[in-house]
>>> print(open('final26.csv').read())   # CSV, C-alpha atoms
chain,number,residue,atom,x,y,z
A,25,MET,CA,0.0,0.0,0.0
A,26,LYS,CA,2.9,2.3,0.9
A,27,LYS,CA,4.5,1.7,-2.5
A,28,VAL,CA,1.3,2.5,-4.3
A,29,LYS,CA,1.1,5.8,-2.3
A,30,ILE,CA,4.8,6.6,-3.3
A,31,VAL,CA,4.1,5.8,-6.9
A,32,PHE,CA,1.0,8.0,-6.8
A,33,LEU,CA,3.0,10.8,-5.2
A,34,MET,CA,5.9,10.4,-7.8
A,35,LEU,CA,3.3,10.6,-10.6
A,36,SER,CA,1.8,13.7,-9.0
A,37,LEU,CA,5.3,15.2,-8.8
A,38,THR,CA,5.9,14.4,-12.5
A,39,VAL,CA,2.6,16.0,-13.5
A,40,PHE,CA,3.4,19.0,-11.3
A,41,CYS,CA,6.9,19.4,-12.8
A,42,SER,CA,5.5,19.1,-16.3
A,43,TYR,CA,2.8,21.7,-15.5
A,44,SER,CA,5.6,23.9,-14.0
A,45,ALA,CA,7.6,23.6,-17.2
A,46,LEU,CA,4.6,24.7,-19.2
A,47,ALA,CA,3.9,27.6,-16.8
A,48,VAL,CA,7.6,28.6,-16.9
A,49,ASP,CA,7.8,28.2,-13.2
A,50,TYR,CA,11.0,26.7,-12.0
A,51,THR,CA,9.9,25.7,-8.5
A,52,ILE,CA,9.0,22.4,-7.0
A,53,ASN,CA,6.2,21.5,-4.6
A,54,ASP,CA,8.2,21.0,-1.4
A,55,ASP,CA,5.2,19.6,0.4
A,56,LEU,CA,4.7,16.8,-2.2
A,57,VAL,CA,8.4,15.9,-2.0
A,58,ASP,CA,8.2,15.8,1.8
A,59,GLN,CA,5.2,13.6,1.6
A,60,MET,CA,7.0,11.2,-0.7
A,61,PHE,CA,10.0,10.9,1.7
A,62,ALA,CA,7.7,10.6,4.7
A,63,SER,CA,5.8,7.7,3.3
A,64,ALA,CA,8.9,5.8,2.1
A,65,PRO,CA,10.4,3.1,4.4
A,66,GLU,CA,14.1,3.8,5.3
A,67,THR,CA,16.9,1.4,4.3
A,68,VAL,CA,20.4,1.7,5.6
A,69,ASN,CA,22.7,1.0,2.8
A,70,ALA,CA,25.3,-1.6,3.7
A,71,ALA,CA,27.6,-0.3,1.0
A,72,PHE,CA,27.9,3.0,2.8
A,73,THR,CA,28.6,1.6,6.2
A,74,GLY,CA,31.2,-0.5,4.5
A,75,LEU,CA,33.1,2.7,3.8
A,76,ALA,CA,35.4,2.1,6.7
A,77,ASN,CA,36.4,-1.1,5.0
A,78,ALA,CA,36.8,0.5,1.6
A,79,GLU,CA,39.8,-1.7,0.8
A,80,ALA,CA,37.5,-4.8,1.2
A,81,PHE,CA,35.5,-3.4,-1.7
A,82,ALA,CA,38.6,-3.1,-3.9
A,83,SER,CA,39.8,-6.6,-3.1
A,84,ALA,CA,36.4,-8.3,-3.8
A,85,GLY,CA,36.2,-10.9,-6.5
A,86,ASP,CA,34.1,-10.7,-9.7
A,87,LYS,CA,32.3,-7.5,-10.1
A,88,SER,CA,28.7,-7.5,-11.2
A,89,ALA,CA,27.6,-4.7,-13.6
A,90,ALA,CA,24.1,-5.0,-12.2
A,91,ALA,CA,25.3,-4.4,-8.7
A,92,ALA,CA,27.4,-1.5,-9.8
A,93,LEU,CA,24.4,0.0,-11.6
A,94,LEU,CA,22.2,-0.5,-8.6
A,95,LEU,CA,24.7,1.3,-6.3
A,96,ASP,CA,25.1,4.1,-8.8
A,97,PHE,CA,21.4,4.4,-9.3
A,98,PHE,CA,20.8,4.7,-5.5
A,99,LEU,CA,23.9,6.4,-4.4
A,100,GLY,CA,25.7,7.6,-7.5
A,101,GLY,CA,26.3,11.0,-5.9
A,102,LEU,CA,28.1,9.3,-3.1
A,103,GLY,CA,30.5,7.3,-5.2
A,104,ILE,CA,29.7,4.0,-3.6
A,105,HIS,CA,29.6,2.2,-7.0
A,106,ARG,CA,33.2,3.3,-7.5
A,107,PHE,CA,34.2,1.6,-4.2
A,108,TYR,CA,32.4,-1.5,-5.4
A,109,LEU,CA,34.1,-1.5,-8.8
A,110,GLY,CA,37.4,-0.9,-7.1
A,111,THR,CA,39.2,2.4,-7.1
A,112,GLU,CA,41.4,4.5,-4.9
A,113,VAL,CA,39.6,5.3,-1.6
A,114,LEU,CA,39.7,9.0,-2.2
A,115,THR,CA,38.5,8.8,-5.8
A,116,GLY,CA,35.2,7.6,-4.4
A,117,ILE,CA,35.3,10.1,-1.6
A,118,GLY,CA,35.8,12.8,-4.3
A,119,TYR,CA,32.2,12.2,-5.3
A,120,ILE,CA,31.0,13.1,-1.8
A,121,ILE,CA,33.3,16.1,-1.5
A,122,THR,CA,32.1,17.5,-4.8
A,123,CYS,CA,28.5,17.1,-3.8
A,124,GLY,CA,27.9,14.3,-6.1
A,125,GLY,CA,30.9,14.5,-8.4
A,126,ILE,CA,30.7,18.0,-9.8
A,127,PHE,CA,27.0,18.6,-9.1
A,128,GLY,CA,25.9,15.1,-10.0
A,129,ILE,CA,27.1,15.1,-13.6
A,130,VAL,CA,29.8,12.5,-13.1
A,131,PRO,CA,27.7,9.8,-11.5
A,132,LEU,CA,25.0,10.4,-14.1
A,133,VAL,CA,27.6,9.8,-16.9
A,134,ASP,CA,28.9,6.8,-14.9
A,135,PHE,CA,25.5,5.3,-14.9
A,136,ILE,CA,24.9,5.7,-18.6
A,137,VAL,CA,28.4,4.4,-19.4
A,138,LEU,CA,27.8,1.3,-17.2
A,139,ILE,CA,24.4,0.7,-19.0
A,140,ILE,CA,26.0,1.0,-22.5
A,141,ASN,CA,28.9,-1.3,-21.5
A,142,ILE,CA,27.0,-3.7,-19.4
A,143,GLU,CA,28.4,-6.7,-21.3
A,144,ASP,CA,32.0,-5.8,-20.3
A,145,ILE,CA,32.6,-3.5,-17.4
A,146,SER,CA,36.3,-4.6,-17.0
A,147,PRO,CA,37.7,-1.2,-18.1
A,148,TYR,CA,36.0,0.3,-15.0
A,149,VAL,CA,37.1,-2.3,-12.5
A,150,ASN,CA,40.0,-1.1,-10.3
A,151,ASN,CA,40.1,2.1,-12.3
A,152,PRO,CA,41.8,4.8,-10.2
A,153,LYS,CA,40.7,7.7,-12.4
A,154,PHE,CA,38.1,10.2,-11.1
A,155,PHE,CA,36.4,10.1,-14.5
A,156,MET,CA,36.4,6.3,-15.0
A,157,TRP,CA,35.3,6.7,-18.6
A,158,ALA,CA,38.1,9.1,-19.6
A,159,ASN,CA,40.8,7.9,-22.0
B,22,MET,CA,30.3,64.9,32.3
B,23,LYS,CA,33.0,65.3,29.7
B,24,ARG,CA,34.3,61.8,30.3
B,25,ALA,CA,30.8,60.4,29.9
B,26,LEU,CA,30.4,62.3,26.6
B,27,LEU,CA,33.8,61.1,25.4
B,28,ILE,CA,32.8,57.5,26.2
B,29,LEU,CA,29.5,57.9,24.4
B,30,PHE,CA,31.3,59.4,21.4
B,31,LEU,CA,33.8,56.6,21.3
B,32,LEU,CA,31.0,54.0,21.6
B,33,TYR,CA,29.1,55.7,18.8
B,34,SER,CA,32.2,55.8,16.6
B,35,PHE,CA,33.2,52.2,17.1
B,36,PHE,CA,29.7,50.8,17.1
B,37,PRO,CA,29.7,49.6,13.5
B,38,PHE,CA,33.2,48.1,14.0
B,39,LEU,CA,32.1,46.3,17.1
B,40,LEU,CA,29.0,45.1,15.4
B,41,PHE,CA,30.6,43.7,12.3
B,42,SER,CA,34.1,42.8,13.7
B,43,GLN,CA,33.2,39.2,14.5
B,44,ASN,CA,35.1,36.6,12.5
B,45,ARG,CA,32.9,35.7,9.6
B,46,ASP,CA,35.4,33.4,8.0
B,47,ARG,CA,34.2,30.3,9.7
B,48,VAL,CA,30.9,28.6,8.9
B,49,SER,CA,29.4,25.5,10.2
B,50,ILE,CA,26.4,23.8,8.7
B,51,HIS,CA,24.4,20.7,9.4
B,52,GLN,CA,23.4,18.7,6.2
B,53,GLU,CA,20.8,16.0,5.9
B,54,THR,CA,20.5,14.3,2.6
B,55,SER,CA,17.7,11.9,1.7
B,56,VAL,CA,17.7,9.7,-1.4
B,57,LEU,CA,14.5,8.2,-2.6
B,58,ALA,CA,14.7,5.4,-5.2
B,59,LYS,CA,12.7,2.3,-5.9
B,60,GLY,CA,10.2,3.2,-3.2
B,61,SER,CA,12.6,3.4,-0.3
B,62,LYS,CA,14.7,6.1,1.1
B,63,SER,CA,18.2,6.3,2.6
B,64,ILE,CA,19.3,9.1,4.9
B,65,TYR,CA,22.8,10.7,5.3
B,66,LYS,CA,23.7,13.2,8.0
B,67,SER,CA,26.8,15.3,8.3
B,68,ASP,CA,28.2,18.5,9.9
B,69,ILE,CA,30.3,20.8,7.6
B,70,TYR,CA,33.0,23.1,8.9
B,71,TYR,CA,34.2,25.5,6.3
B,72,ASN,CA,36.9,28.2,6.6
B,73,ILE,CA,36.2,30.7,4.0
B,74,SER,CA,39.5,32.5,4.2
B,75,ASN,CA,41.6,29.4,3.2
B,76,ASP,CA,38.9,27.1,1.8
B,77,ASN,CA,39.8,24.4,4.3
B,78,LEU,CA,36.8,22.1,4.5
B,79,LEU,CA,36.0,19.4,7.1
B,80,VAL,CA,33.0,17.2,6.8
B,81,HIS,CA,32.1,15.1,9.8
B,82,HIS,CA,29.8,12.3,8.5
B,83,LEU,CA,27.6,11.2,11.3
B,84,TYR,CA,25.1,8.8,9.8
B,85,PRO,CA,24.9,6.0,8.7
B,86,ALA,CA,28.6,5.7,9.2
B,87,GLU,CA,31.0,8.0,11.0
B,88,PHE,CA,34.1,9.3,9.3
B,89,ILE,CA,35.8,12.7,8.8
B,90,LYS,CA,37.0,14.2,5.5
B,91,ILE,CA,39.4,17.1,5.5
B,92,SER,CA,40.3,18.8,2.2
B,93,ASN,CA,41.9,22.0,1.1
B,94,ARG,CA,41.9,24.1,-2.2
B,95,LEU,CA,45.0,22.2,-3.4
B,96,GLY,CA,43.1,18.9,-3.3
B,97,GLU,CA,45.1,17.5,-0.4
B,98,THR,CA,42.5,15.3,1.2
B,99,LYS,CA,42.5,13.1,4.3
B,100,LEU,CA,39.8,10.6,5.2
B,101,TYR,CA,39.8,9.5,8.8
B,102,PHE,CA,37.8,6.6,10.3
B,103,PRO,CA,37.6,7.1,14.1
B,104,SER,CA,36.3,3.5,14.6
B,105,THR,CA,39.4,1.9,13.2
B,106,ASN,CA,41.8,4.9,13.8
B,107,THR,CA,42.8,4.7,10.1
B,108,VAL,CA,43.5,7.5,7.6
B,109,SER,CA,43.6,7.7,3.8
B,110,ILE,CA,45.6,10.5,2.2
B,111,GLN,CA,45.5,11.6,-1.4
B,112,GLN,CA,46.1,14.7,-3.5
B,113,SER,CA,44.2,15.4,-6.7
B,114,ALA,CA,42.8,18.6,-8.2
B,115,ALA,CA,39.5,16.8,-8.5
B,116,LEU,CA,39.3,16.5,-4.7
B,117,SER,CA,39.8,20.3,-4.2
B,118,SER,CA,37.5,21.9,-1.7
B,119,THR,CA,36.9,24.5,-4.4
B,120,ASN,CA,34.8,21.8,-6.2
B,121,ASP,CA,32.3,21.8,-3.4
B,122,LEU,CA,29.0,23.4,-4.0
B,123,LEU,CA,29.4,25.4,-0.8
B,124,TYR,CA,32.5,27.0,-2.2
B,125,TYR,CA,30.5,28.6,-5.0
B,126,PHE,CA,27.8,30.0,-2.6
B,127,VAL,CA,30.1,31.4,0.1
B,128,HIS,CA,32.3,33.1,-2.4
B,129,ASN,CA,29.3,34.3,-4.4
B,130,ARG,CA,30.6,32.6,-7.6
B,131,ILE,CA,27.2,31.5,-8.5
B,132,SER,CA,26.9,32.8,-12.1
B,133,ASP,CA,28.0,29.4,-13.5
B,134,LEU,CA,28.1,27.2,-10.4
B,135,GLY,CA,31.5,25.8,-11.5
B,136,LEU,CA,30.4,24.9,-15.1
B,137,VAL,CA,33.2,27.0,-16.7
B,138,LYS,CA,35.8,25.2,-14.6
B,139,GLU,CA,34.5,21.9,-16.0
B,140,GLY,CA,34.9,23.2,-19.6
B,141,PHE,CA,31.3,24.3,-20.2
B,142,ARG,CA,30.8,27.2,-22.7
B,143,LEU,CA,28.1,29.9,-22.4
B,144,VAL,CA,25.9,29.7,-25.6
B,145,SER,CA,23.1,32.0,-24.6
B,146,SER,CA,21.8,34.4,-21.9
B,147,ILE,CA,18.3,35.9,-21.8
B,148,THR,CA,17.0,38.2,-19.2
B,149,GLU,CA,13.2,38.5,-18.5
B,150,ASN,CA,12.2,40.8,-15.6
B,151,THR,CA,13.9,39.3,-12.5
B,152,ARG,CA,14.7,36.1,-14.3
B,153,ASN,CA,17.9,35.3,-16.2
B,154,ILE,CA,18.3,32.1,-18.3
B,155,THR,CA,21.7,30.9,-19.3
B,156,VAL,CA,22.5,27.9,-21.5
B,157,TRP,CA,25.8,26.2,-21.2
B,158,GLN,CA,27.2,23.7,-23.7
B,159,ALA,CA,29.2,20.7,-22.3
B,160,PRO,CA,32.8,20.0,-23.5
B,161,GLU,CA,33.0,17.2,-26.1
B,162,SER,CA,34.8,15.0,-23.5
B,163,LEU,CA,31.7,14.8,-21.4
B,164,LYS,CA,29.9,13.2,-24.3
B,165,LEU,CA,26.6,12.2,-22.6
B,166,VAL,CA,25.6,15.6,-21.2
B,167,TYR,CA,25.0,18.1,-24.0
B,168,GLN,CA,23.6,21.2,-22.3
B,169,VAL,CA,22.9,22.7,-18.9
B,170,ARG,CA,20.3,25.4,-18.5
B,171,LEU,CA,20.6,27.6,-15.4
B,172,ILE,CA,17.7,29.8,-14.3
B,173,PHE,CA,18.4,32.7,-11.9
B,174,GLU,CA,15.8,34.7,-10.0
B,175,ASN,CA,17.1,38.0,-8.5
B,176,LEU,CA,20.6,36.8,-9.5
B,177,LEU,CA,20.3,33.6,-7.5
B,178,PRO,CA,20.2,30.1,-9.2
B,179,VAL,CA,16.8,28.5,-8.6
B,180,TYR,CA,16.8,25.8,-11.3
B,181,ALA,CA,19.3,23.7,-13.3
B,182,GLU,CA,18.4,21.3,-16.1
B,183,TYR,CA,20.8,18.8,-17.8
B,184,THR,CA,19.9,17.5,-21.2
B,185,ASP,CA,21.5,15.1,-23.7
B,186,ILE,CA,22.0,15.7,-27.3
B,187,LYS,CA,18.4,14.7,-28.2
B,188,GLY,CA,17.1,17.2,-25.7
B,189,ILE,CA,16.0,14.5,-23.2
B,190,ILE,CA,16.2,15.8,-19.7
B,191,LEU,CA,18.6,13.8,-17.6
B,192,LYS,CA,18.4,15.8,-14.4
B,193,LYS,CA,16.6,18.7,-12.8
B,194,VAL,CA,17.9,20.6,-9.7
B,195,TYR,CA,15.7,23.0,-7.7
B,196,TYR,CA,17.5,25.4,-5.3
B,197,GLY,CA,15.1,26.8,-2.8
B,198,ARG,CA,14.6,28.5,0.6
B,199,TYR,CA,17.4,31.0,0.1
B,200,THR,CA,18.6,32.7,3.3
B,201,ASP,CA,20.7,35.8,3.4
B,202,PHE,CA,23.9,35.5,5.5
B,203,THR,CA,25.0,39.1,4.9
B,204,THR,CA,28.1,38.1,2.9
B,205,PHE,CA,26.4,35.4,0.9
B,206,ASN,CA,23.1,33.7,0.2
B,207,LEU,CA,22.6,30.0,0.6
B,208,PRO,CA,19.8,27.7,-0.5
B,209,LEU,CA,18.7,25.7,2.5
B,210,ARG,CA,17.0,23.1,0.3
B,211,ILE,CA,18.2,21.5,-2.9
B,212,THR,CA,16.0,18.9,-4.6
B,213,GLU,CA,17.5,16.9,-7.5
B,214,ILE,CA,15.5,14.6,-9.7
B,215,SER,CA,17.5,12.3,-11.9
B,216,TYR,CA,15.8,10.5,-14.8
B,217,GLU,CA,18.3,7.8,-15.1
B,218,GLY,CA,16.0,4.9,-15.9
B,219,SER,CA,13.2,4.8,-18.5
B,220,GLN,CA,10.6,4.0,-15.8
B,221,ASP,CA,11.7,5.5,-12.6
B,222,SER,CA,13.5,8.5,-11.2
B,223,VAL,CA,15.7,9.1,-8.2
B,224,ILE,CA,15.0,12.1,-5.9
B,225,ARG,CA,17.8,13.5,-3.8
B,226,LEU,CA,16.9,16.1,-1.2
B,227,SER,CA,19.6,18.0,0.6
B,228,GLN,CA,18.6,20.3,3.5
B,229,PHE,CA,20.9,22.6,5.4
B,230,SER,CA,20.3,23.8,8.9
B,231,GLN,CA,22.0,25.0,12.1
B,232,ILE,CA,24.1,27.5,10.2
B,233,LYS,CA,26.6,29.3,12.4
B,234,MET,CA,29.1,32.0,11.5
B,235,GLY,CA,31.7,33.9,13.3
B,236,ASP,CA,33.6,32.9,16.5
B,237,PHE,CA,33.0,29.4,17.8
B,238,LYS,CA,33.2,28.4,21.4
B,239,ASP,CA,34.1,24.9,20.4
B,240,GLU,CA,36.7,24.9,17.6
B,241,THR,CA,37.4,21.2,17.8
B,242,TYR,CA,36.5,20.5,14.2
B,243,PHE,CA,38.0,23.7,12.7
B,244,GLU,CA,41.3,22.8,14.4
B,245,PHE,CA,40.9,19.1,14.0
B,246,LYS,CA,44.1,17.0,13.9
B,247,ILE,CA,44.2,13.4,13.0
B,248,PRO,CA,45.7,11.4,15.8
B,249,GLU,CA,49.4,10.8,15.3
B,250,ASN,CA,49.0,7.1,16.0
B,251,ALA,CA,46.4,6.6,13.2
B,252,SER,CA,47.4,3.9,10.8
B,253,ILE,CA,47.6,4.9,7.1
B,254,SER,CA,45.5,2.9,4.6
B,255,LYS,CA,45.6,3.1,0.8
>>> encode(input="final26.csv", output="structure tokens")
Amino acid sequence: MKKVKIVFLMLSLTVFCSYSALAVDYTINDDLVDQMFASAPETVNAAFTGLANAEAFASAGDKSAAAALLLDFFLGGLGIHRFYLGTEVLTGIGYIITCGGIFGIVPLVDFIVLIINIEDISPYVNNPKFFMWAN
Amino acid sequence: MKRALLILFLLYSFFPFLLFSQNRDRVSIHQETSVLAKGSKSIYKSDIYYNISNDNLLVHHLYPAEFIKISNRLGETKLYFPSTNTVSIQQSAALSSTNDLLYYFVHNRISDLGLVKEGFRLVSSITENTRNITVWQAPESLKLVYQVRLIFENLLPVYAEYTDIKGIILKKVYYGRYTDFTTFNLPLRITEISYEGSQDSVIRLSQFSQIKMGDFKDETYFEFKIPENASISK
């Protein structure tokens, strides 16, 4: 029932945003956003609490593209997917420091790159670069 | 009588100085970020300690895991985990405190919010009454993001929109509840909606509170030193 409510609220928000775009009003309905968060159950992300053991992430075995996508999707702005794929500890932390990797652009690009290359994500495993897709 | 008049005169003369002489270089902010995706939310809490004069930044992450990040404008960054007394040290321009969103607001460098630094190029600027709309083209190296549109109301950014080459919106960011801190304005609420999947979206809400400026009775985190016996990890 809660999920139905959240879906309904998300739909309302989308409609509101579309209406806002038509009305050339660049604001968002804060109350609606608050309602969505209030009605959603909280999950504590184990990946984040594993930050203290960031090296364990880097030394993990096979990397799953799906898991990396999931982590990026949920927490891209926090760089957790980079810890999972294996990187220097502070490359991942750079995402947090830059408020989501230069205002969220970097994790967004990461996500799309991972989707495009879902068959072979090996170039991004144990990649120390901040921009994992850079040549 | 003369002495009293002299004291009154001196107080009157120095009143503005006394009023504004407090150290406004130090700012502390509490940040709470919630991420809503796939019907559930995750919450992250931290305290930010920012020294405006030298851009030294300390972020004390409180929840769900405790750790401390210290960075400066050169990108020298330390990450300290109190629970294990370990520290990671790295230096990279990408890790500079000047890449933090807070840097742009406290220094009033909000006309492009750091896009120029990332290689974006201004392609158009339109002003309508109190509103200014600027369009920025991404550098070719960014590939997947084509344009960013920034909307300003009364010279403050209120909305950002990222689109790909087909004009499909990838992300919307709403900056709201601006508060005037005399030397800078700060949005106390930032809502980001990322349209990363075809069916769903991710909403990220960052709220700032307990903003303090000036002299701090407790300077623990402004003067924080990592214990000398901390072990260094990669």
>>> residues_around(input="final26.csv", residues="Tyr71 in chain B", least_positions_apart="3", cutoff="12 Å", atoms="all atoms listed in the file", output="PyMOL selection string")
chain B and resi 45-51+68+74-81+90-94+118-119+121-124+126-128+232-235+240+242-244
>>> interface_residues(input="final26.csv", of="chain B", to="chain A", cutoff="6 Å", atoms="all atoms listed in the file", output="number ranges by chain")
B: 60-63, 86, 116, 120-121, 180
>>> closest_residue(input="final26.csv", among="B:Asn175, B:Ile253, B:Val166, B:Ile247", to="Pro103 in chain B", atoms="all atoms listed in the file")
B:Ile247
>>> residues_around(input="final26.csv", residues="Tyr195 in chain B", least_positions_apart="4", cutoff="6 Å", atoms="only C-alpha atoms", output="list of chain:residue names")
B:Val179, B:Tyr180, B:Ile211, B:Thr212
>>> residues_around(input="final26.csv", residues="Gly188 in chain B", least_positions_apart="2", cutoff="12 Å", atoms="all atoms listed in the file", output="JSON list (two decimals) with C-alpha atoms, keeping the file's coordinate frame")
[["chain", "number", "residue", "atom", "x", "y", "z"],
["B", 165, "LEU", "CA", 26.60, 12.20, -22.60],
["B", 166, "VAL", "CA", 25.60, 15.60, -21.20],
["B", 167, "TYR", "CA", 25.00, 18.10, -24.00],
["B", 168, "GLN", "CA", 23.60, 21.20, -22.30],
["B", 169, "VAL", "CA", 22.90, 22.70, -18.90],
["B", 170, "ARG", "CA", 20.30, 25.40, -18.50],
["B", 182, "GLU", "CA", 18.40, 21.30, -16.10],
["B", 183, "TYR", "CA", 20.80, 18.80, -17.80],
["B", 184, "THR", "CA", 19.90, 17.50, -21.20],
["B", 185, "ASP", "CA", 21.50, 15.10, -23.70],
["B", 186, "ILE", "CA", 22.00, 15.70, -27.30],
["B", 190, "ILE", "CA", 16.20, 15.80, -19.70],
["B", 191, "LEU", "CA", 18.60, 13.80, -17.60],
["B", 192, "LYS", "CA", 18.40, 15.80, -14.40]]
>>> atom_distance(input="final26.csv", atom1="CA of Ile131 in chain B", atom2="CA of Tyr196 in chain B")
11.9 Å
>>> atom_distance(input="final26.csv", atom1="CA of Phe102 in chain B", atom2="CA of Ser252 in chain B")
10.0 Å
>>> atom_distance(input="final26.csv", atom1="CA of Ser117 in chain B", atom2="CA of Lys99 in chain B")
11.5 Å
>>> residues_around(input="final26.csv", residues="Ser146 in chain B", least_positions_apart="4", cutoff="9 Å", atoms="all atoms listed in the file", output="list in words")
Asn153, Ile154, Thr155 and Val156 of chain B
